[in-house]
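Engineer: This is entry-v4.txt, which holds compact mmCIF, C-alpha atoms and all ligand atoms:
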# COMPACT_ATOMS: atom_id res chain seq x y z
CA MET A 157 4.97 -23.57 21.95
CA ALA A 158 1.36 -23.86 20.82
CA ALA A 159 0.28 -27.22 19.38
CA LYS A 160 0.79 -27.48 15.66
CA GLN A 161 -2.40 -26.96 13.73
CA TYR A 162 -3.78 -29.35 11.16
CA ILE A 163 -6.88 -29.70 9.05
CA GLU A 164 -8.98 -32.80 8.48
CA ALA A 165 -10.72 -32.66 5.12
CA SER A 166 -13.53 -35.14 4.59
CA PRO A 167 -14.65 -36.10 1.10
CA GLY A 168 -17.27 -33.72 -0.23
CA ARG A 169 -17.45 -31.24 -3.04
CA ALA A 170 -18.41 -27.59 -2.87
CA THR A 171 -22.12 -26.94 -3.06
CA GLY A 172 -21.86 -23.29 -4.07
CA GLY A 173 -22.31 -19.84 -2.62
CA THR A 174 -21.20 -16.23 -2.87
CA VAL A 175 -18.11 -15.04 -0.99
CA ALA A 176 -15.65 -12.15 -0.77
CA VAL A 177 -12.01 -13.08 -0.11
CA PRO A 178 -9.57 -10.98 1.96
CA GLY A 179 -7.60 -8.12 0.42
CA ASP A 180 -4.72 -8.53 -2.00
CA LYS A 181 -1.46 -9.31 -0.21
CA SER A 182 0.88 -7.69 -2.74
CA ILE A 183 -1.14 -4.47 -2.79
CA SER A 184 -1.53 -4.37 1.00
CA HIS A 185 2.25 -4.59 1.58
CA ARG A 186 2.91 -1.84 -0.92
CA SER A 187 0.23 0.45 0.49
CA LEU A 188 1.99 0.45 3.88
CA MET A 189 5.45 1.12 2.49
CA PHE A 190 4.40 3.80 0.02
CA GLY A 191 2.06 5.44 2.52
CA ALA A 192 4.94 5.61 5.00
CA LEU A 193 7.21 7.39 2.50
CA ALA A 194 4.51 9.80 1.32
CA ASP A 195 3.90 13.38 2.36
CA GLY A 196 0.50 13.43 4.09
CA THR A 197 -1.93 10.84 5.41
CA THR A 198 -2.81 7.75 3.37
CA THR A 199 -5.87 5.63 4.06
CA VAL A 200 -6.14 2.01 3.00
CA LYS A 201 -9.52 0.27 2.72
CA GLY A 202 -9.75 -3.51 2.25
CA PHE A 203 -6.28 -4.02 3.77
CA LEU A 204 -5.30 -7.67 4.27
CA ALA A 205 -4.86 -8.13 8.01
CA GLY A 206 -2.94 -11.37 7.46
CA GLU A 207 0.29 -12.12 9.29
CA ASP A 208 2.58 -11.23 6.38
CA CYS A 209 1.17 -7.73 5.99
CA LEU A 210 0.97 -7.27 9.76
CA ALA A 211 4.73 -7.99 9.88
CA THR A 212 5.26 -5.19 7.35
CA MET A 213 3.02 -2.93 9.41
CA ALA A 214 5.04 -3.64 12.56
CA ALA A 215 8.29 -3.00 10.67
CA MET A 216 7.10 0.38 9.40
CA GLN A 217 5.98 1.28 12.93
CA ALA A 218 9.41 0.26 14.26
CA LEU A 219 10.89 2.64 11.66
CA GLY A 220 8.97 5.49 13.27
CA VAL A 221 5.75 5.59 11.21
CA ARG A 222 2.41 6.01 12.95
CA ILE A 223 -0.11 3.53 11.57
CA ASP A 224 -3.60 3.05 13.02
CA THR A 225 -6.29 0.52 12.23
CA ALA A 226 -9.94 1.52 12.72
CA THR A 227 -12.63 -0.93 13.82
CA ASP A 228 -13.87 -1.20 10.22
CA GLY A 229 -10.35 -2.33 9.18
CA THR A 230 -9.39 0.95 7.50
CA VAL A 231 -5.67 1.58 7.97
CA THR A 232 -4.38 5.14 8.32
CA ILE A 233 -0.70 5.85 7.70
CA ALA A 234 0.82 9.16 8.77
CA GLY A 235 3.47 9.50 6.05
CA VAL A 236 6.88 10.72 7.18
CA GLY A 237 8.21 11.69 3.74
CA MET A 238 11.18 10.23 1.87
CA ASN A 239 13.68 11.10 4.57
CA GLY A 240 11.56 10.75 7.70
CA LEU A 241 12.17 7.09 8.64
CA ARG A 242 14.18 6.52 11.82
CA GLN A 243 16.49 3.64 12.64
CA ALA A 244 14.59 0.82 14.37
CA ALA A 245 15.66 -0.19 17.85
CA HIS A 246 15.79 -3.87 16.84
CA ALA A 247 15.99 -6.21 13.87
CA LEU A 248 12.90 -6.07 11.65
CA ASP A 249 11.24 -9.50 11.75
CA MET A 250 9.33 -9.99 8.51
CA GLY A 251 7.95 -13.37 9.62
CA ASN A 252 7.15 -15.60 6.64
CA SER A 253 7.03 -12.80 4.08
CA GLY A 254 9.42 -12.64 1.14
CA THR A 255 7.55 -9.66 -0.30
CA GLY A 256 7.83 -7.75 2.98
CA LEU A 257 11.52 -8.46 3.38
CA ARG A 258 12.66 -7.93 -0.20
CA LEU A 259 10.67 -4.75 -0.85
CA LEU A 260 11.64 -3.27 2.48
CA ALA A 261 15.31 -4.04 1.79
CA GLY A 262 15.06 -1.95 -1.39
CA LEU A 263 13.39 0.91 0.45
CA LEU A 264 15.92 0.81 3.31
CA ALA A 265 18.89 0.72 0.91
CA GLY A 266 18.45 4.46 0.45
CA GLN A 267 18.39 5.39 4.14
CA SER A 268 21.28 7.05 5.96
CA PHE A 269 21.04 4.43 8.72
CA SER A 270 21.54 0.70 8.63
CA SER A 271 18.77 -1.86 9.29
CA GLU A 272 18.72 -5.57 9.98
CA LEU A 273 16.03 -7.70 8.36
CA THR A 274 15.18 -11.24 9.34
CA GLY A 275 12.29 -13.70 9.39
CA ASP A 276 11.13 -17.20 10.27
CA ASP A 277 12.96 -20.42 9.35
CA SER A 278 11.37 -20.50 5.90
CA LEU A 279 12.21 -16.88 5.07
CA ARG A 280 15.76 -17.30 6.38
CA SER A 281 16.25 -20.15 3.90
CA ARG A 282 15.23 -18.16 0.81
CA PRO A 283 17.66 -16.55 -1.66
CA MET A 284 18.48 -12.90 -0.98
CA GLU A 285 21.48 -12.29 -3.27
CA ARG A 286 18.95 -11.67 -6.04
CA ILE A 287 18.22 -8.32 -4.36
CA ALA A 288 21.50 -7.79 -2.49
CA GLY A 289 23.55 -7.88 -5.73
CA PRO A 290 21.71 -5.14 -7.64
CA LEU A 291 21.32 -3.02 -4.49
CA ARG A 292 25.10 -3.17 -4.05
CA ASP A 293 25.46 -2.15 -7.72
CA MET A 294 23.48 0.96 -6.73
CA GLY A 295 26.03 1.70 -4.01
CA ALA A 296 24.08 0.35 -1.04
CA THR A 297 25.84 -1.48 1.76
CA VAL A 298 24.20 -4.90 2.00
CA THR A 299 25.38 -7.96 3.88
CA THR A 300 23.65 -11.34 3.83
CA THR A 301 24.13 -14.53 5.82
CA ASP A 302 25.47 -16.91 3.16
CA GLY A 303 23.16 -15.28 0.64
CA ARG A 304 20.14 -15.42 2.95
CA ALA A 305 18.56 -13.43 5.78
CA PRO A 306 19.38 -12.08 8.31
CA LEU A 307 20.67 -9.27 6.15
CA THR A 308 21.75 -5.71 6.86
CA VAL A 309 21.09 -2.89 4.45
CA GLY A 310 21.60 0.87 4.16
CA GLY A 311 23.76 3.45 5.75
CA SER A 312 25.71 4.59 2.69
CA THR A 313 23.63 7.11 0.76
CA PRO A 314 23.45 8.45 -1.92
CA LEU A 315 22.53 5.67 -4.32
CA LYS A 316 23.42 5.48 -8.01
CA PRO A 317 20.77 4.71 -10.63
CA ILE A 318 21.28 1.48 -12.59
CA GLU A 319 19.85 -0.40 -15.53
CA TYR A 320 19.41 -3.89 -14.16
CA VAL A 321 18.80 -6.86 -16.48
CA SER A 322 17.33 -9.38 -14.08
CA PRO A 323 18.06 -13.08 -14.60
CA VAL A 324 14.82 -13.96 -12.79
CA ALA A 325 11.21 -12.94 -13.45
CA SER A 326 10.39 -11.59 -9.99
CA ALA A 327 8.20 -8.67 -9.00
CA GLN A 328 9.93 -8.63 -5.63
CA VAL A 329 13.33 -8.08 -7.26
CA LYS A 330 11.91 -5.48 -9.65
CA SER A 331 10.15 -3.67 -6.82
CA ALA A 332 13.17 -3.69 -4.49
CA ILE A 333 15.29 -2.01 -7.17
CA LEU A 334 12.60 0.52 -8.08
CA LEU A 335 12.14 1.44 -4.41
CA ALA A 336 15.89 1.99 -4.05
CA GLY A 337 15.70 3.95 -7.31
CA LEU A 338 13.39 6.46 -5.60
CA TYR A 339 16.51 7.52 -3.65
CA ALA A 340 19.00 7.47 -6.58
CA ASP A 341 19.91 10.54 -8.57
CA GLY A 342 18.78 9.66 -12.12
CA THR A 343 16.83 6.97 -13.93
CA THR A 344 16.75 3.39 -12.64
CA THR A 345 15.50 0.72 -15.04
CA VAL A 346 14.69 -2.95 -14.50
CA VAL A 347 14.47 -5.34 -17.47
CA GLU A 348 12.92 -8.73 -16.77
CA PRO A 349 12.95 -12.09 -18.59
CA GLY A 350 9.17 -12.52 -18.18
CA ILE A 351 6.10 -10.45 -17.29
CA THR A 352 5.62 -10.05 -13.53
CA ARG A 353 2.97 -8.34 -11.43
CA ASP A 354 3.01 -4.57 -11.86
CA HIS A 355 1.39 -3.37 -8.61
CA THR A 356 4.47 -1.33 -7.69
CA GLU A 357 4.41 0.58 -10.96
CA ARG A 358 0.66 1.22 -10.77
CA MET A 359 0.63 2.27 -7.13
CA LEU A 360 3.70 4.50 -7.38
CA ARG A 361 1.92 6.40 -10.16
CA THR A 362 -1.09 6.83 -7.90
CA PHE A 363 1.26 8.23 -5.26
CA GLY A 364 2.45 10.75 -7.86
CA VAL A 365 5.70 9.17 -9.08
CA PRO A 366 5.99 8.98 -12.88
CA VAL A 367 6.91 5.38 -13.78
CA SER A 368 7.39 4.35 -17.38
CA SER A 369 6.91 0.72 -18.20
CA GLY A 370 6.72 -1.71 -21.09
CA GLU A 371 5.90 -5.42 -20.96
CA LEU A 372 9.31 -6.32 -19.59
CA THR A 373 10.71 -3.01 -18.36
CA ALA A 374 10.01 -0.45 -15.66
CA SER A 375 11.85 2.84 -15.02
CA LEU A 376 11.61 5.74 -12.65
CA THR A 377 13.71 8.79 -11.93
CA GLY A 378 14.91 9.82 -8.49
CA PRO A 379 15.08 11.50 -6.21
CA ALA A 380 11.30 11.21 -6.07
CA THR A 381 8.60 12.30 -3.66
CA LEU A 382 5.31 10.53 -2.96
CA SER A 383 1.99 12.22 -2.19
CA ALA A 384 -0.48 10.52 0.14
CA CYS A 385 -3.63 9.06 -1.38
CA ASP A 386 -6.56 6.77 -0.63
CA VAL A 387 -5.91 3.14 -1.55
CA GLN A 388 -8.69 0.60 -2.06
CA VAL A 389 -7.43 -2.97 -2.01
CA PRO A 390 -9.30 -5.51 -4.16
CA GLY A 391 -9.85 -9.10 -3.06
CA ASP A 392 -6.79 -11.27 -3.71
CA LEU A 393 -7.07 -13.38 -6.87
CA SER A 394 -4.51 -15.75 -5.34
CA SER A 395 -6.98 -16.44 -2.52
CA ALA A 396 -10.07 -16.39 -4.77
CA ALA A 397 -8.41 -19.09 -6.90
CA PHE A 398 -8.94 -21.69 -4.14
CA ALA A 399 -12.66 -20.99 -4.04
CA LEU A 400 -12.84 -21.06 -7.84
CA GLY A 401 -10.94 -24.36 -7.89
CA ALA A 402 -13.48 -25.81 -5.45
CA GLY A 403 -16.25 -24.48 -7.72
CA CYS A 404 -14.76 -26.26 -10.74
CA LEU A 405 -14.59 -29.56 -8.84
CA ALA A 406 -18.21 -29.17 -7.65
CA ARG A 407 -20.98 -31.40 -9.01
CA SER A 408 -23.62 -28.68 -8.84
CA GLY A 409 -24.09 -25.05 -7.88
CA GLU A 410 -21.99 -21.96 -8.58
CA VAL A 411 -19.12 -20.46 -6.61
CA VAL A 412 -19.24 -16.67 -6.94
CA VAL A 413 -16.36 -14.52 -5.66
CA VAL A 414 -17.05 -10.79 -5.66
CA ASN A 415 -14.61 -7.87 -5.88
CA VAL A 416 -11.53 -9.79 -7.04
CA GLY A 417 -8.47 -8.07 -8.53
CA ILE A 418 -8.01 -9.10 -12.16
CA ASN A 419 -4.80 -7.21 -12.96
CA PRO A 420 -3.63 -8.81 -16.24
CA THR A 421 -0.21 -9.53 -14.72
CA ARG A 422 -1.96 -11.84 -12.23
CA THR A 423 -4.59 -13.65 -14.31
CA GLY A 424 -2.41 -16.51 -15.59
CA VAL A 425 -4.35 -18.82 -13.28
CA LEU A 426 -7.59 -18.05 -15.13
CA ASP A 427 -5.90 -18.72 -18.49
CA ILE A 428 -4.46 -22.01 -17.25
CA LEU A 429 -7.79 -23.11 -15.78
CA LYS A 430 -9.50 -22.26 -19.05
CA LEU A 431 -6.97 -24.45 -20.92
CA MET A 432 -7.90 -27.21 -18.48
CA GLY A 433 -11.57 -26.86 -19.37
CA ALA A 434 -12.68 -24.83 -16.35
CA ASP A 435 -16.04 -23.10 -16.61
CA ILE A 436 -15.15 -19.72 -15.08
CA SER A 437 -16.73 -16.47 -16.13
CA ILE A 438 -15.83 -12.86 -15.43
CA ARG A 439 -18.70 -10.52 -14.63
CA GLU A 440 -19.20 -6.93 -13.48
CA GLU A 441 -15.77 -5.69 -14.48
CA SER A 442 -14.90 -2.32 -12.96
CA ARG A 443 -11.97 -0.52 -11.34
CA LEU A 444 -10.91 -0.03 -7.77
CA GLY A 445 -8.40 2.82 -7.84
CA ASP A 446 -5.54 1.81 -10.10
CA GLU A 447 -6.52 -1.88 -10.31
CA PRO A 448 -9.20 -3.71 -12.38
CA VAL A 449 -11.69 -5.84 -10.41
CA ALA A 450 -14.54 -8.22 -11.25
CA THR A 451 -16.89 -10.88 -9.95
CA LEU A 452 -15.66 -14.36 -10.85
CA VAL A 453 -18.01 -17.33 -11.18
CA ALA A 454 -16.91 -20.98 -11.27
CA ARG A 455 -19.25 -23.81 -12.23
CA PRO A 456 -18.88 -27.60 -12.24
CA SER A 457 -16.27 -28.36 -14.92
CA ALA A 458 -14.93 -31.41 -16.73
CA LEU A 459 -11.29 -30.61 -16.03
CA ARG A 460 -8.72 -32.09 -18.40
CA GLY A 461 -4.92 -32.11 -18.38
CA ALA A 462 -2.94 -29.48 -20.29
CA ASP A 463 0.62 -28.54 -21.21
CA ILE A 464 1.00 -25.25 -19.35
CA PRO A 465 2.62 -22.66 -21.65
CA ALA A 466 5.88 -21.31 -20.17
CA GLU A 467 4.81 -17.68 -20.54
CA LEU A 468 1.89 -18.25 -18.16
CA ILE A 469 4.14 -19.50 -15.33
CA PRO A 470 5.22 -16.09 -13.89
CA LEU A 471 1.64 -14.85 -14.29
CA ALA A 472 0.34 -17.70 -12.12
CA ILE A 473 3.33 -18.35 -9.92
CA ASP A 474 1.43 -18.34 -6.61
CA GLU A 475 -1.44 -20.44 -7.98
CA LEU A 476 0.68 -23.32 -9.26
CA PRO A 477 0.19 -25.45 -6.10
CA LEU A 478 -3.56 -25.24 -6.77
CA ILE A 479 -3.00 -26.08 -10.45
CA PHE A 480 -1.03 -29.19 -9.36
CA ALA A 481 -3.92 -30.17 -7.09
CA LEU A 482 -6.58 -29.64 -9.77
CA ALA A 483 -4.44 -31.47 -12.35
CA ALA A 484 -4.50 -34.53 -10.09
CA CYS A 485 -8.32 -34.37 -10.19
CA ALA A 486 -8.49 -33.81 -13.98
CA GLU A 487 -8.76 -36.27 -16.86
CA GLY A 488 -5.37 -36.90 -18.50
CA ASP A 489 -1.89 -35.49 -18.00
CA THR A 490 -0.78 -31.97 -17.08
CA VAL A 491 2.79 -30.84 -17.66
CA VAL A 492 4.24 -27.91 -15.71
CA SER A 493 7.71 -26.81 -16.84
CA GLY A 494 9.89 -23.70 -16.51
CA ALA A 495 8.70 -23.32 -12.92
CA GLU A 496 11.94 -23.84 -10.96
CA GLU A 497 11.16 -20.62 -9.04
CA LEU A 498 8.59 -22.70 -7.16
CA ARG A 499 11.46 -24.33 -5.32
CA HIS A 500 12.35 -20.93 -3.74
CA LYS A 501 8.95 -19.96 -2.34
CA GLU A 502 7.80 -20.39 1.27
CA SER A 503 8.76 -24.04 0.71
CA ASP A 504 10.01 -26.15 -2.18
CA ARG A 505 6.56 -26.18 -3.70
CA ILE A 506 7.38 -28.69 -6.45
CA ALA A 507 8.69 -31.28 -3.99
CA LEU A 508 5.85 -30.84 -1.51
CA MET A 509 3.05 -30.97 -4.07
CA VAL A 510 4.56 -34.03 -5.74
CA GLN A 511 5.03 -35.86 -2.41
CA GLY A 512 1.57 -34.96 -1.14
CA LEU A 513 -0.26 -35.92 -4.32
CA GLN A 514 1.66 -39.19 -4.45
CA ALA A 515 0.65 -39.84 -0.82
CA LEU A 516 -2.97 -39.53 -2.00
CA GLY A 517 -2.40 -42.07 -4.77
CA ALA A 518 -1.80 -39.75 -7.72
CA SER A 519 0.74 -40.65 -10.38
CA VAL A 520 3.14 -37.70 -10.49
CA GLU A 521 6.63 -37.44 -11.97
CA GLU A 522 8.80 -34.78 -10.36
CA ARG A 523 11.05 -32.72 -12.65
CA SER A 524 13.64 -30.13 -11.74
CA ASP A 525 11.45 -27.34 -13.14
CA GLY A 526 7.96 -28.74 -12.64
CA ALA A 527 6.11 -32.04 -12.89
CA ARG A 528 3.97 -34.32 -15.03
CA ILE A 529 0.75 -34.95 -13.14
CA SER A 530 -1.63 -37.70 -14.24
CA GLY A 531 -5.21 -37.20 -13.20
CA GLY A 532 -6.96 -40.06 -11.44
CA PRO A 533 -8.85 -41.00 -8.32
CA LEU A 534 -7.34 -39.75 -5.05
CA HIS A 535 -7.59 -41.74 -1.85
CA GLY A 536 -7.28 -40.49 1.72
CA GLY A 537 -4.07 -40.05 3.67
CA THR A 538 -1.81 -37.54 5.38
CA VAL A 539 0.04 -34.78 3.55
CA GLU A 540 2.71 -32.35 4.74
CA SER A 541 2.36 -28.65 4.04
CA ALA A 542 5.64 -27.71 5.79
CA ASP A 543 4.06 -24.50 7.12
CA ASP A 544 3.47 -23.25 3.56
CA HIS A 545 0.06 -21.54 3.35
CA ARG A 546 -0.57 -22.19 -0.32
CA ILE A 547 0.43 -25.85 -0.13
CA ALA A 548 -1.98 -26.33 2.78
CA MET A 549 -4.86 -24.63 0.95
CA ALA A 550 -4.18 -26.48 -2.32
CA PHE A 551 -4.47 -29.84 -0.53
CA CYS A 552 -7.72 -28.74 1.14
CA ILE A 553 -9.21 -28.27 -2.35
CA ALA A 554 -7.90 -31.60 -3.72
CA ALA A 555 -9.08 -33.41 -0.58
CA GLY A 556 -12.72 -32.58 -1.32
CA ALA A 557 -12.44 -34.82 -4.38
CA ALA A 558 -10.69 -37.70 -2.56
CA SER A 559 -12.49 -40.91 -1.60
CA ALA A 560 -11.53 -40.82 2.11
CA PRO A 561 -10.46 -38.17 4.68
CA VAL A 562 -7.19 -36.31 4.19
CA THR A 563 -5.15 -34.84 7.04
CA ILE A 564 -3.19 -31.73 6.07
CA ARG A 565 -0.41 -31.03 8.56
CA ASP A 566 1.07 -27.72 9.78
CA THR A 567 -1.63 -25.42 8.48
CA GLU A 568 -1.22 -22.41 10.80
CA ASN A 569 0.45 -20.28 8.13
CA ILE A 570 -2.77 -20.15 6.12
CA ALA A 571 -3.28 -17.02 8.23
CA THR A 572 -0.33 -15.33 6.51
CA SER A 573 -2.39 -14.72 3.37
CA PHE A 574 -5.95 -15.97 3.92
CA PRO A 575 -7.33 -15.40 7.42
CA GLY A 576 -10.74 -17.07 7.61
CA PHE A 577 -9.96 -19.64 4.89
CA VAL A 578 -11.57 -22.57 6.71
CA PRO A 579 -14.93 -20.94 7.56
CA LEU A 580 -15.14 -19.43 4.07
CA MET A 581 -14.57 -22.82 2.43
CA GLN A 582 -17.02 -24.44 4.86
CA SER A 583 -19.61 -21.88 3.74
CA LEU A 584 -19.10 -23.15 0.17
CA GLY A 585 -19.74 -26.72 1.31
CA LEU A 586 -16.23 -28.11 1.86
CA ARG A 587 -15.94 -30.36 4.91
CA LEU A 588 -12.87 -28.98 6.63
CA THR A 589 -12.20 -29.16 10.37
CA GLU A 590 -9.31 -27.36 12.07
CA PHE A 591 -7.47 -28.88 15.01
CA GLY A 592 -4.85 -27.51 17.36
CA ARG A 593 -5.94 -23.89 17.27
CA ASP A 594 -5.31 -21.98 20.51
C1 LIG A 601 5.06 -10.93 -5.01
C2 LIG A 601 5.85 -11.46 -6.00
C3 LIG A 601 5.99 -12.91 -6.24
C4 LIG A 601 4.91 -13.71 -5.53
C5 LIG A 601 4.70 -13.24 -4.12
C6 LIG A 601 4.26 -11.79 -4.11
C7 LIG A 601 4.97 -9.47 -4.86
O1 LIG A 601 7.26 -13.33 -5.75
O2 LIG A 601 5.25 -15.07 -5.54
O3 LIG A 601 3.73 -14.01 -3.47
O4 LIG A 601 4.08 -8.99 -4.15
O5 LIG A 601 5.80 -8.76 -5.47
P1 LIG A 601 8.59 -13.31 -6.68
O6 LIG A 601 8.92 -11.91 -6.95
O7 LIG A 601 9.63 -14.03 -5.86
O8 LIG A 601 8.21 -14.08 -7.91
Any chance you could give the structure as structure tokens?
Structural biologist:
Amino acid sequence: MAAKQYIEASPGRATGGTVAVPGDKSISHRSLMFGALADGTTTVKGFLAGEDCLATMAAMQALGVRIDTATDGTVTIAGVGMNGLRQAAHALDMGNSGTGLRLLAGLLAGQSFSSELTGDDSLRSRPMERIAGPLRDMGATVTTTDGRAPLTVGGSTPLKPIEYVSPVASAQVKSAILLAGLYADGTTTVVEPGITRDHTERMLRTFGVPVSSGELTASLTGPATLSACDVQVPGDLSSAAFALGAGCLARSGEVVVVNVGINPTRTGVLDILKLMGADISIREESRLGDEPVATLVARPSALRGADIPAELIPLAIDELPLIFALAACAEGDTVVSGAEELRHKESDRIALMVQGLQALGASVEERSDGARISGGPLHGGTVESADDHRIAMAFCIAAGAASAPVTIRDTENIATSFPGFVPLMQSLGLRLTEFGRD
């Protein structure tokens, strides 16, 4: 096995610069799955060639879909139509990706053949009954391993439409059910307890499927057909957030991130940062296909603690590790509550952020659904990221504000969502060095 990677972060704040971050992960996954089901050839520009999306690409190829990547990164998908997928010769390994596994499970629920889905240690520890239950309600055959992956799905068409009132605000659950609903005879509706990202709804419409949606509901009627289209993927706000966080902690200069997706179901992080006193502005708003985009500019900010409103939690769910890190560098206390979902991500993100910030000298009180984080000086030390990409990146940002070097362990999975993170952050002035790379 290759040596574990780690990052040494020396004290030093961002000095500024203009960057573009890699493509949006959620949109990239969906473009592959929808393009595969479409009639005709779909092209995807700005695709995120990170490990999570590459696992989805390999899975779609194993299901008989021809997908090519040109030297400029443009991905071409030869759609096979709603009934053109073929049984894979092996289990589909979705790596570290919950989005890949859960959405694909929904899509495969409607196939006449059965599929096995699995992933790495982290993915195999995450809850899967949240999708298996409603898919079974639709008539799919789904088995899990004590509620987790490996799971098997499909092989018992046709599906029945359902109205599913979800106990959890999760775009992955919503999307899995809607994708199965494409194969059901009638209208499938998902009702959620909180607003979640709506990329599935938007992109399905672009592929020609009428989807009706309100703030907390989404419905579509099957059986449906998808028509190929050209997808342009904006930069991922979840990745841009790390650069913006570094820009807020800077003493001078501006961090400018161009071409970032600002879908309103994703911008909770900007609202939270604003509450914390961040100086971030939105410029050059435009559209890229079905998604709004903009240039985001972060300037040196006097960050202060805040009580994070519960309704912003699902809108910033992936950025909360960064918010924890910035809260530890802010003046005063920040309270995060209603965020128990963080314990079911690539790692238990509450536990890891609390432990890591405490290891750097921060005063943090762990709660079952969040934490109270008191801002104050951070010292150097070693923190665990447990192979969780967003934990590793969040500590890289906090480390810039620490008084001595910080070692961040097990950082290889940064490549799942943000290939090129270290050189990009170096270009903004952060003093990061990677070790253990092959
Ligand atoms: C995603 C949904 C969210 C998010 C994940 C991507 C998606 O997960 O955390 O990174 O693309 O649908 P949940 O649905 O579990 O909240």
Engineer: Identify which of the residues A:Ala558, A:Leu257, A:Ala454, A:Ala518 lies closest to ligand LIG 601 (chain A), counting all atoms listed in the file when measuring atom-to-atom distances.
Structural biologist: A:Leu257
Engineer: Rounded to one decimal, what separation in Å do you get between atom CA of Ala327 of chain A and atom CA of Asp474 of chain A?
Structural biologist: 12.0 Å
Engineer: Restricting the calculation to all atoms listed in the file: of A:Gln328, A:Ser368, A:Thr567, A:Ser375, which residue gets closest to ligand LIG 601 (chain A)?
Structural biologist: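 Using all atoms listed in the file, ligand LIG 601 (chain A) sits closest to A:Gln328.
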Engineer: For chain A versus ligand LIG 601 (chain A), which residues have an atom no more than 8 Å away, and what is each residue's nearest atom pair and distance in Å rounded to one decimal, using all atoms listed in the file, chain-then-number order, as CSV?
Structural biologist:
residue,atom,partner,partner_atom,distance
A:Lys181,CA,A:LIG601,O4,6.8
A:Ser182,CA,A:LIG601,O4,3.7
A:Ile183,CA,A:LIG601,O4,7.0
A:His185,CA,A:LIG601,O4,7.5
A:Arg186,CA,A:LIG601,O4,7.9
A:Gly254,CA,A:LIG601,C5,7.1
A:Thr255,CA,A:LIG601,O4,5.2
A:Leu259,CA,A:LIG601,O5,7.8
A:Ala325,CA,A:LIG601,O8,6.4
A:Ser326,CA,A:LIG601,O6,3.4
A:Ala327,CA,A:LIG601,O6,3.9
A:Gln328,CA,A:LIG601,O6,3.7
A:Val329,CA,A:LIG601,O6,5.8
A:Lys330,CA,A:LIG601,O6,7.6
A:Ser331,CA,A:LIG601,O5,6.8
A:Thr352,CA,A:LIG601,O8,7.4
A:Arg353,CA,A:LIG601,O5,6.6
A:His355,CA,A:LIG601,O5,7.6
A:Thr356,CA,A:LIG601,O5,7.9
A:Pro470,CA,A:LIG601,O8,7.0
A:Ile473,CA,A:LIG601,O2,5.8
A:Asp474,CA,A:LIG601,O2,5.1
A:Glu497,CA,A:LIG601,O8,7.3
A:His500,CA,A:LIG601,O7,7.7
A:Lys501,CA,A:LIG601,O2,6.9
Engineer: Find the residues near Asn415 of chain A: any atom within 7 Å, counting all atoms listed in the file, skip ones fewer than 6 places away on the same chain, and give them as JSON, numbers by chain.
Structural biologist: {"A": [176, 390, 391, 449, 450, 451]}
Engineer: Could you take the residues named above and write them with C-alpha atoms, as a compact mmCIF listing (two decimals), in the frame of the given file?
Structural biologist:
# COMPACT_ATOMS: atom_id res chain seq x y z
CA ALA A 176 -15.65 -12.15 -0.77
CA PRO A 390 -9.30 -5.51 -4.16
CA GLY A 391 -9.85 -9.10 -3.06
CA VAL A 449 -11.69 -5.84 -10.41
CA ALA A 450 -14.54 -8.22 -11.25
CA THR A 451 -16.89 -10.88 -9.95
Engineer: Quote the spacing between atom CA of Leu291 of chain A and atom CA of Ala305 of chain A in Å to one decimal place.
Structural biologist: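 Atom-to-atom, atom CA of Leu291 of chain A and atom CA of Ala305 of chain A are spaced 14.9 Å apart.
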Engineer: Which residues come within 10 Å of segment 199-203 of chain A, counting only C-alpha atoms, excluding same-chain residues fewer than 6 positions away, as number ranges by chain?
Structural biologist: A: 178-181, 183-185, 187-188, 191, 209-210, 223-225, 228-234, 384-391
Engineer: Tell me, as number ranges by chain, which residues lie within 7 Å of Val177 of chain A, counting all atoms listed in the file; anything in the same chain fewer than 4 positions away does not count.
Structural biologist: A: 391-392, 395-396
Engineer: Skip Pro456 of chain A itself and residues of its chain fewer than 2 positions away, then list as a PyMOL selection string all residues within 6 Å of it, counting all atoms listed in the file.
Structural biologist: chain A and resi 404-408
Engineer: I need the chosen residues saved as a short mmCIF file (atom, residue, chain, number, x, y, z; two decimals), keeping the file's coordinate frame, with C-alpha atoms.
Structural biologist:
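Ended up saving to again13.cif:
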data_model
loop_
_atom_site.label_atom_id
_atom_site.label_comp_id
_atom_site.auth_asym_id
_atom_site.auth_seq_id
_atom_site.Cartn_x
_atom_site.Cartn_y
_atom_site.Cartn_z
CA CYS A 404 -14.76 -26.26 -10.74
CA LEU A 405 -14.59 -29.56 -8.84
CA ALA A 406 -18.21 -29.17 -7.65
CA ARG A 407 -20.98 -31.40 -9.01
CA SER A 408 -23.62 -28.68 -8.84
#
